[in-house]
Amino acid sequence: MIYSSAENYNDRTKHNNIEYYNSLIKNCNSSKKASEYLKKELDIINERLTENSTDKDALVEKMTLLNDLISQQNYINRYDDFINNMQIRADNQLSFSIFAEPDSFAYNNIQQTPLDFQHLKGVELYAGNNTFAENATQFQITDYLMIVLVALTCILLFYTERENGLYPLVRSTKNGRTSTIVAKLFAVIAVTVVTTILFYLSNILITGIYFGFGDMSRYIQSIGIFMNCSLKISIFEYLILWILGKTLTLCAFSLLFSFCFTAVKASAKIYGIIVVFLAVEITANLFIEGASAFSFFKYVNIVYFLSNNNLFGEYLNVNIFSNPVNIIMVWTVVATTLALVGFFGSVTVYPINAYGYTYCEKKDAGKKANTYFAYYDISGKLRECGIVSKNFVYNGQVGLNKKTPSPNTDIFDYYAGAMTVSEVVYPNQTYYHWSSENTDYELRLGIYKR
């Protein structure tokens, strides 16, 4: 961020002449005729340049700063007209047949827009040091890094454990199911919140220290890129909302990714799902036109939610059954829904997925073997136990299902998330090798000898 700012001439000029720039801003805002004051200062610089002064570079930099403030002042002078003439522009648009169809989205949106900006009539805007807020909120590398960090967090907390074979240890313990997944989800949320605040707050601090923070009590509309913001808030309040929006968006998608990692077992599938999902989101955001019938997918999109100032800095209504619904409301509903689906979906899916067979391989002659079962529900409560069979040893598959205690039957279909404990009792020096297959890493029995 610092490098890109140093490479930009205007940004570098403000950084190198910050005291002069701040004095111009102060004099400009205290003057009753700011535009005339700035023009007079610019004429003085032009005169000095024509005198073949030896400090031409410094004068050119001052001219650059003056032109920046003149541009700001021209924008501020036009803002009242922009707000006051909204209804007139809306009426003019409705005179065209393409927008005049009642109950259409275009018609309703044109009618709604002036109402949403009405409360901004008469707001007092001031010129100022806008560079820190512009650069901090438009540095998109941070958005991409955060998406990668969310995915990596889910990989570390969910998939690494499965691939390293730790599920047998974790899931067979007393609190290895529901308690564990809830703890993991809160860990995901905590990591996401901390890293998001750290990354985006550092953007603000870096640019603020480099360029100066200026007067953050000014209305956000004082900055030209926020001309279309309909919120009557200060720059400071906007930056808080901006960080909050990024944080909640990334928390929602981190929970959704957690659900994917919990529900999908194959590594290739889960990575493929994430890559395809992000590719679709990026493609929809870049290539779908705003006026398209598919514009819903352009705006209800993780890339749109995260990019720049789209949520709070740009006024936008989304077409919901021909009704204009503000993007902030749409984002609130979508983020909340994804978060709930991700959280409760993960809690529901993680304790289940117990199924398969248990095998007993007889190594030597034996006279007797008893097989015991114990079924647990998904909360870990013991539901039923007892002896499945007596003298029930085969050189192949051994069925441990209560209802059908015969070979070649599933053992985990009695209760979701059931666990089976088997015990072999025999009088002679006989070896039995017990193992499980396709049981989602459930309890496995080793070689026993009496």
# chains A, B, ... in the order shown; residues from 1 in each chain; ligands from 1

call {"tool": "select_by_dssp", "arguments": {"residues": "stretch 139-321 of chain A", "states": "alpha helix (DSSP H)", "output": "number ranges by chain"}}
result
A: 141-154, 160-163, 167-171, 178-211, 235-263, 267-287, 295-299, 302-306

call {"tool": "closest_atom_pairs", "arguments": {"of": "stretch 211-302 of chain A", "to": "stretch 168-189 of chain A", "cutoff": "12 Å", "atoms": "only C-alpha atoms", "output": "CSV"}}
result
residue,atom,partner,partner_atom,distance
A:Thr247,CA,A:Ile189,CA,9.6
A:Leu248,CA,A:Ile189,CA,9.6
A:Thr249,CA,A:Ile189,CA,11.2
A:Leu250,CA,A:Ile189,CA,9.0
A:Cys251,CA,A:Ile189,CA,5.9
A:Ala252,CA,A:Ile189,CA,8.8
A:Phe253,CA,A:Ile189,CA,10.0
A:Ser254,CA,A:Val188,CA,6.9
A:Leu255,CA,A:Leu185,CA,7.0
A:Leu256,CA,A:Leu185,CA,10.4
A:Phe257,CA,A:Val188,CA,10.0
A:Ser258,CA,A:Leu185,CA,7.4
A:Phe259,CA,A:Leu185,CA,9.4
A:Phe261,CA,A:Leu185,CA,11.6
A:Thr262,CA,A:Ile181,CA,9.1

call {"tool": "write_last_selection", "arguments": {"atoms": "N, CA and C atoms", "output": "short mmCIF file (atom, residue, chain, number, x, y, z; two decimals), in the first residue's frame"}}
result
data_model
loop_
_atom_site.label_atom_id
_atom_site.label_comp_id
_atom_site.auth_asym_id
_atom_site.auth_seq_id
_atom_site.Cartn_x
_atom_site.Cartn_y
_atom_site.Cartn_z
N THR A 247 -16.19 -7.54 8.15
CA THR A 247 -16.07 -8.59 9.17
C THR A 247 -17.26 -9.55 9.11
N LEU A 248 -18.46 -9.00 9.08
CA LEU A 248 -19.66 -9.85 9.06
C LEU A 248 -19.75 -10.65 7.76
N THR A 249 -19.35 -10.05 6.65
CA THR A 249 -19.37 -10.77 5.38
C THR A 249 -18.43 -11.96 5.41
N LEU A 250 -17.22 -11.75 5.89
CA LEU A 250 -16.23 -12.83 5.92
C LEU A 250 -16.60 -13.89 6.96
N CYS A 251 -17.24 -13.49 8.07
CA CYS A 251 -17.70 -14.48 9.06
C CYS A 251 -18.76 -15.39 8.44
N ALA A 252 -19.69 -14.79 7.68
CA ALA A 252 -20.74 -15.59 7.04
C ALA A 252 -20.15 -16.61 6.08
N PHE A 253 -19.18 -16.19 5.29
CA PHE A 253 -18.60 -17.11 4.31
C PHE A 253 -17.63 -18.09 4.96
N SER A 254 -17.02 -17.72 6.06
CA SER A 254 -16.18 -18.70 6.77
C SER A 254 -17.03 -19.82 7.35
N LEU A 255 -18.23 -19.49 7.84
CA LEU A 255 -19.13 -20.53 8.35
C LEU A 255 -19.66 -21.39 7.21
N LEU A 256 -19.92 -20.77 6.06
CA LEU A 256 -20.38 -21.55 4.90
C LEU A 256 -19.28 -22.50 4.43
N PHE A 257 -18.04 -22.02 4.38
CA PHE A 257 -16.92 -22.88 4.01
C PHE A 257 -16.75 -24.01 5.04
N SER A 258 -16.97 -23.70 6.31
CA SER A 258 -16.87 -24.73 7.36
C SER A 258 -17.87 -25.85 7.11
N PHE A 259 -19.07 -25.48 6.73
CA PHE A 259 -20.10 -26.48 6.42
C PHE A 259 -19.66 -27.36 5.27
N PHE A 261 -16.56 -28.06 4.33
CA PHE A 261 -15.48 -28.94 4.78
C PHE A 261 -16.00 -30.05 5.67
N THR A 262 -17.07 -29.79 6.41
CA THR A 262 -17.65 -30.81 7.29
C THR A 262 -18.46 -31.83 6.51
#

call {"tool": "closest_residue", "arguments": {"among": "A:Ile233, A:Val148, A:Leu125, A:Phe99", "to": "A:Leu278", "atoms": "only C-alpha atoms"}}
result
A:Val148

call {"tool": "residues_around", "arguments": {"residues": "A:Tyr20", "least_positions_apart": "5", "cutoff": "12 Å", "atoms": "only C-alpha atoms", "output": "PyMOL selection string"}}
result
chain A and resi 13-15+25-27+58-59+61-66+129

call {"tool": "write_last_selection", "arguments": {"atoms": "all heavy atoms", "output": "CSV table (one decimal), in the first residue's frame"}}
result
chain,number,residue,atom,x,y,z
A,13,THR,N,3.0,13.7,-3.6
A,13,THR,CA,3.0,15.2,-3.4
A,13,THR,C,2.3,15.6,-2.1
A,13,THR,O,2.8,16.4,-1.3
A,13,THR,CB,2.4,15.9,-4.6
A,13,THR,OG1,3.1,15.6,-5.8
A,13,THR,CG2,2.4,17.4,-4.4
A,14,LYS,N,1.2,15.0,-1.8
A,14,LYS,CA,0.5,15.3,-0.5
A,14,LYS,C,1.3,14.9,0.7
A,14,LYS,O,1.4,15.6,1.7
A,14,LYS,CB,-0.9,14.6,-0.5
A,14,LYS,CG,-1.8,15.2,-1.5
A,14,LYS,CD,-3.1,14.4,-1.6
A,14,LYS,CE,-4.0,14.9,-2.7
A,14,LYS,NZ,-5.2,14.0,-2.9
A,15,HIS,N,2.0,13.7,0.6
A,15,HIS,CA,2.8,13.2,1.7
A,15,HIS,C,4.0,14.2,1.9
A,15,HIS,O,4.3,14.5,3.1
A,15,HIS,CB,3.3,11.8,1.4
A,15,HIS,CG,4.3,11.3,2.3
A,15,HIS,ND1,4.0,11.0,3.6
A,15,HIS,CD2,5.6,11.1,2.2
A,15,HIS,CE1,5.1,10.6,4.3
A,15,HIS,NE2,6.1,10.6,3.4
A,25,ILE,N,-6.2,23.7,3.4
A,25,ILE,CA,-7.5,23.2,3.7
A,25,ILE,C,-8.1,24.1,4.8
A,25,ILE,O,-9.3,24.4,4.7
A,25,ILE,CB,-7.4,21.7,4.2
A,25,ILE,CG1,-7.0,20.8,3.1
A,25,ILE,CG2,-8.7,21.3,4.8
A,25,ILE,CD1,-6.7,19.4,3.5
A,26,LYS,N,-7.3,24.4,5.8
A,26,LYS,CA,-7.8,25.3,6.9
A,26,LYS,C,-8.3,26.6,6.4
A,26,LYS,O,-9.4,27.1,6.8
A,26,LYS,CB,-6.7,25.4,8.0
A,26,LYS,CG,-7.2,26.2,9.2
A,26,LYS,CD,-6.1,26.3,10.2
A,26,LYS,CE,-6.5,27.1,11.4
A,26,LYS,NZ,-5.4,27.2,12.4
A,27,ASN,N,-7.5,27.3,5.6
A,27,ASN,CA,-7.8,28.6,5.1
A,27,ASN,C,-9.0,28.5,4.1
A,27,ASN,O,-9.9,29.4,4.1
A,27,ASN,CB,-6.6,29.2,4.3
A,27,ASN,CG,-5.5,29.5,5.3
A,27,ASN,OD1,-5.7,29.7,6.5
A,27,ASN,ND2,-4.2,29.5,4.7
A,58,ALA,N,9.0,22.5,-6.5
A,58,ALA,CA,8.2,22.7,-5.4
A,58,ALA,C,7.0,23.5,-5.7
A,58,ALA,O,5.9,23.3,-5.2
A,58,ALA,CB,9.0,23.5,-4.3
A,59,LEU,N,7.1,24.4,-6.6
A,59,LEU,CA,5.9,25.2,-7.1
A,59,LEU,C,4.9,24.4,-7.8
A,59,LEU,O,3.7,24.5,-7.6
A,59,LEU,CB,6.4,26.4,-7.9
A,59,LEU,CG,7.2,27.5,-7.2
A,59,LEU,CD1,7.7,28.5,-8.3
A,59,LEU,CD2,6.3,28.2,-6.2
A,61,GLU,N,4.4,21.2,-7.3
A,61,GLU,CA,3.8,20.4,-6.3
A,61,GLU,C,2.7,21.2,-5.6
A,61,GLU,O,1.6,20.7,-5.3
A,61,GLU,CB,4.8,19.9,-5.3
A,61,GLU,CG,5.7,18.8,-5.9
A,61,GLU,CD,6.6,18.2,-4.8
A,61,GLU,OE1,6.7,18.8,-3.7
A,61,GLU,OE2,7.3,17.2,-5.1
A,62,LYS,N,3.0,22.5,-5.3
A,62,LYS,CA,1.9,23.3,-4.6
A,62,LYS,C,0.8,23.5,-5.6
A,62,LYS,O,-0.4,23.6,-5.2
A,62,LYS,CB,2.6,24.6,-4.2
A,62,LYS,CG,3.5,24.5,-3.1
A,62,LYS,CD,4.1,25.9,-2.7
A,62,LYS,CE,5.0,25.7,-1.5
A,62,LYS,NZ,5.6,27.0,-1.0
A,63,MET,N,1.1,23.7,-6.9
A,63,MET,CA,0.0,23.9,-7.8
A,63,MET,C,-0.9,22.6,-7.9
A,63,MET,O,-2.1,22.7,-8.0
A,63,MET,CB,0.6,24.2,-9.2
A,63,MET,CG,-0.4,24.4,-10.3
A,63,MET,SD,0.3,24.6,-11.9
A,63,MET,CE,1.1,26.2,-11.7
A,64,THR,N,-0.2,21.5,-7.8
A,64,THR,CA,-1.0,20.2,-7.8
A,64,THR,C,-2.0,20.1,-6.6
A,64,THR,O,-3.1,19.7,-6.8
A,64,THR,CB,0.0,19.0,-7.7
A,64,THR,OG1,0.9,19.0,-8.9
A,64,THR,CG2,-0.8,17.7,-7.7
A,65,LEU,N,-1.5,20.5,-5.5
A,65,LEU,CA,-2.3,20.5,-4.3
A,65,LEU,C,-3.5,21.5,-4.4
A,65,LEU,O,-4.6,21.2,-4.0
A,65,LEU,CB,-1.5,20.8,-3.0
A,65,LEU,CG,-0.4,19.8,-2.7
A,65,LEU,CD1,0.4,20.2,-1.5
A,65,LEU,CD2,-1.0,18.4,-2.5
A,66,LEU,N,-3.2,22.7,-5.0
A,66,LEU,CA,-4.2,23.7,-5.1
A,66,LEU,C,-5.3,23.2,-6.1
A,66,LEU,O,-6.5,23.4,-5.9
A,66,LEU,CB,-3.6,25.0,-5.7
A,66,LEU,CG,-3.0,25.9,-4.6
A,66,LEU,CD1,-2.1,26.9,-5.2
A,66,LEU,CD2,-4.0,26.5,-3.7
A,129,ASN,N,-8.5,16.5,3.7
A,129,ASN,CA,-7.5,15.5,3.3
A,129,ASN,C,-8.3,14.2,3.1
A,129,ASN,O,-8.5,13.5,4.1
A,129,ASN,CB,-6.4,15.4,4.3
A,129,ASN,CG,-5.3,14.5,3.9
A,129,ASN,OD1,-5.4,13.8,2.9
A,129,ASN,ND2,-4.2,14.5,4.7

call {"tool": "select_by_dssp", "arguments": {"residues": "stretch 226-371 of chain A", "states": "strand (DSSP E)", "output": "number ranges by chain"}}
result
A: 317-320, 323-326, 357-362, 370-371

call {"tool": "residues_around", "arguments": {"residues": "A:Asn84", "least_positions_apart": "4", "cutoff": "12 Å", "atoms": "only C-alpha atoms", "output": "count of residues only"}}
result
15

call {"tool": "closest_residue", "arguments": {"among": "A:Tyr21, A:Leu311, A:Ile243, A:Ile320", "to": "A:Phe105", "atoms": "only C-alpha atoms"}}
result
A:Ile320

call {"tool": "atom_distance", "arguments": {"atom1": "atom CA of A:Phe139", "atom2": "atom CA of A:Asn308"}}
result
7.1 Å

call {"tool": "atom_distance", "arguments": {"atom1": "atom CA of A:Tyr210", "atom2": "atom CA of A:Gln138"}}
result
15.8 Å

call {"tool": "residues_around", "arguments": {"residues": "A:Asn285", "least_positions_apart": "5", "cutoff": "12 Å", "atoms": "only C-alpha atoms", "output": "list of chain:residue names"}}
result
A:Leu278, A:Ala279, A:Val280, A:Gly290, A:Ser292, A:Phe294, A:Ser295, A:Phe296, A:Phe297, A:Lys298, A:Tyr299, A:Val300, A:Asn301, A:Ile302, A:Val303, A:Tyr304, A:Phe305, A:Leu306, A:Ser307, A:Asn310

call {"tool": "closest_residue", "arguments": {"among": "A:Ser97, A:Gly313, A:Glu7, A:Ile270", "to": "A:Met227", "atoms": "only C-alpha atoms"}}
result
A:Gly313

call {"tool": "residues_around", "arguments": {"residues": "A:Met329", "least_positions_apart": "6", "cutoff": "10 Å", "atoms": "only C-alpha atoms", "output": "list in words"}}
result
Leu311, Asn317, Val318 and Ala335 of chain A

call {"tool": "closest_residue", "arguments": {"among": "A:Ala293, A:Val264, A:Val349, A:Ile274", "to": "A:Ile147", "atoms": "only C-alpha atoms"}}
result
A:Ile274

call {"tool": "decode", "arguments": {"residues": "stretch 3-31 of chain A", "atoms": "N, CA, C and O atoms", "output": "compact mmCIF listing (two decimals), in the first residue's frame"}}
result
# COMPACT_ATOMS: atom_id res chain seq x y z
N TYR A 3 3.93 1.40 -1.05
CA TYR A 3 4.63 1.44 -2.33
C TYR A 3 3.75 2.04 -3.42
O TYR A 3 4.19 2.90 -4.19
N SER A 4 2.50 1.60 -3.49
CA SER A 4 1.61 2.11 -4.53
C SER A 4 1.33 3.59 -4.33
O SER A 4 1.19 4.34 -5.29
N SER A 5 1.25 4.03 -3.07
CA SER A 5 1.04 5.45 -2.80
C SER A 5 2.27 6.28 -3.20
O SER A 5 2.15 7.38 -3.74
N ALA A 6 3.45 5.72 -2.92
CA ALA A 6 4.68 6.44 -3.27
C ALA A 6 4.87 6.54 -4.78
O ALA A 6 5.50 7.47 -5.28
N GLU A 7 4.32 5.57 -5.52
CA GLU A 7 4.44 5.59 -6.98
C GLU A 7 3.47 6.57 -7.62
O GLU A 7 3.68 7.00 -8.75
N ASN A 8 2.41 6.94 -6.90
CA ASN A 8 1.43 7.89 -7.43
C ASN A 8 1.89 9.31 -7.16
O ASN A 8 2.12 9.69 -6.01
N TYR A 9 1.99 10.11 -8.20
CA TYR A 9 2.55 11.47 -8.05
C TYR A 9 1.71 12.32 -7.10
O TYR A 9 2.24 13.00 -6.22
N ASN A 10 0.40 12.33 -7.28
CA ASN A 10 -0.46 13.15 -6.43
C ASN A 10 -0.38 12.74 -4.97
O ASN A 10 -0.30 13.58 -4.08
N ASP A 11 -0.36 11.42 -4.73
CA ASP A 11 -0.25 10.93 -3.35
C ASP A 11 1.09 11.29 -2.75
O ASP A 11 1.18 11.73 -1.58
N ARG A 12 2.13 11.12 -3.52
CA ARG A 12 3.47 11.44 -3.02
C ARG A 12 3.60 12.93 -2.73
O ARG A 12 4.24 13.34 -1.74
N THR A 13 2.98 13.75 -3.57
CA THR A 13 3.03 15.19 -3.37
C THR A 13 2.34 15.60 -2.07
O THR A 13 2.84 16.45 -1.32
N LYS A 14 1.20 15.00 -1.78
CA LYS A 14 0.50 15.30 -0.53
C LYS A 14 1.32 14.88 0.67
O LYS A 14 1.38 15.58 1.69
N HIS A 15 1.95 13.71 0.58
CA HIS A 15 2.78 13.23 1.68
C HIS A 15 3.97 14.17 1.93
O HIS A 15 4.28 14.46 3.09
N ASN A 16 4.60 14.64 0.87
CA ASN A 16 5.79 15.48 1.01
C ASN A 16 5.46 16.92 1.43
O ASN A 16 6.34 17.63 1.92
N ASN A 17 4.22 17.34 1.24
CA ASN A 17 3.84 18.72 1.55
C ASN A 17 2.61 18.76 2.46
O ASN A 17 1.72 19.60 2.30
N ILE A 18 2.58 17.86 3.43
CA ILE A 18 1.38 17.68 4.24
C ILE A 18 1.04 18.93 5.05
O ILE A 18 -0.14 19.30 5.19
N GLU A 19 2.05 19.65 5.56
CA GLU A 19 1.77 20.84 6.36
C GLU A 19 1.18 21.95 5.49
O GLU A 19 0.22 22.62 5.90
N TYR A 20 1.75 22.15 4.32
CA TYR A 20 1.23 23.17 3.40
C TYR A 20 -0.18 22.80 2.96
O TYR A 20 -1.08 23.67 2.91
N TYR A 21 -0.41 21.52 2.70
CA TYR A 21 -1.72 21.05 2.26
C TYR A 21 -2.77 21.29 3.35
O TYR A 21 -3.87 21.78 3.08
N ASN A 22 -2.42 20.98 4.61
CA ASN A 22 -3.35 21.19 5.71
C ASN A 22 -3.65 22.67 5.94
O ASN A 22 -4.78 23.04 6.29
N SER A 23 -2.65 23.52 5.74
CA SER A 23 -2.88 24.97 5.89
C SER A 23 -3.82 25.49 4.80
O SER A 23 -4.68 26.34 5.06
N LEU A 24 -3.67 24.98 3.58
CA LEU A 24 -4.59 25.36 2.50
C LEU A 24 -6.02 24.94 2.84
O LEU A 24 -6.98 25.69 2.63
N ILE A 25 -6.17 23.71 3.37
CA ILE A 25 -7.50 23.20 3.74
C ILE A 25 -8.13 24.07 4.82
O ILE A 25 -9.31 24.45 4.74
N LYS A 26 -7.32 24.43 5.83
CA LYS A 26 -7.83 25.25 6.92
C LYS A 26 -8.28 26.62 6.41
O LYS A 26 -9.38 27.10 6.77
N ASN A 27 -7.46 27.26 5.60
CA ASN A 27 -7.81 28.58 5.07
C ASN A 27 -9.01 28.50 4.13
O ASN A 27 -9.86 29.41 4.11
N CYS A 28 -9.07 27.42 3.38
CA CYS A 28 -10.18 27.24 2.43
C CYS A 28 -11.51 27.12 3.16
O CYS A 28 -12.50 27.77 2.80
N ASN A 29 -11.55 26.31 4.21
CA ASN A 29 -12.80 26.08 4.94
C ASN A 29 -13.20 27.26 5.82
O ASN A 29 -14.38 27.41 6.14
N SER A 30 -12.23 28.09 6.20
CA SER A 30 -12.55 29.26 7.02
C SER A 30 -12.93 30.48 6.17
O SER A 30 -13.47 31.45 6.69
N SER A 31 -12.66 30.41 4.89
CA SER A 31 -12.97 31.52 4.00
C SER A 31 -14.42 31.45 3.54
O SER A 31 -14.95 30.38 3.25
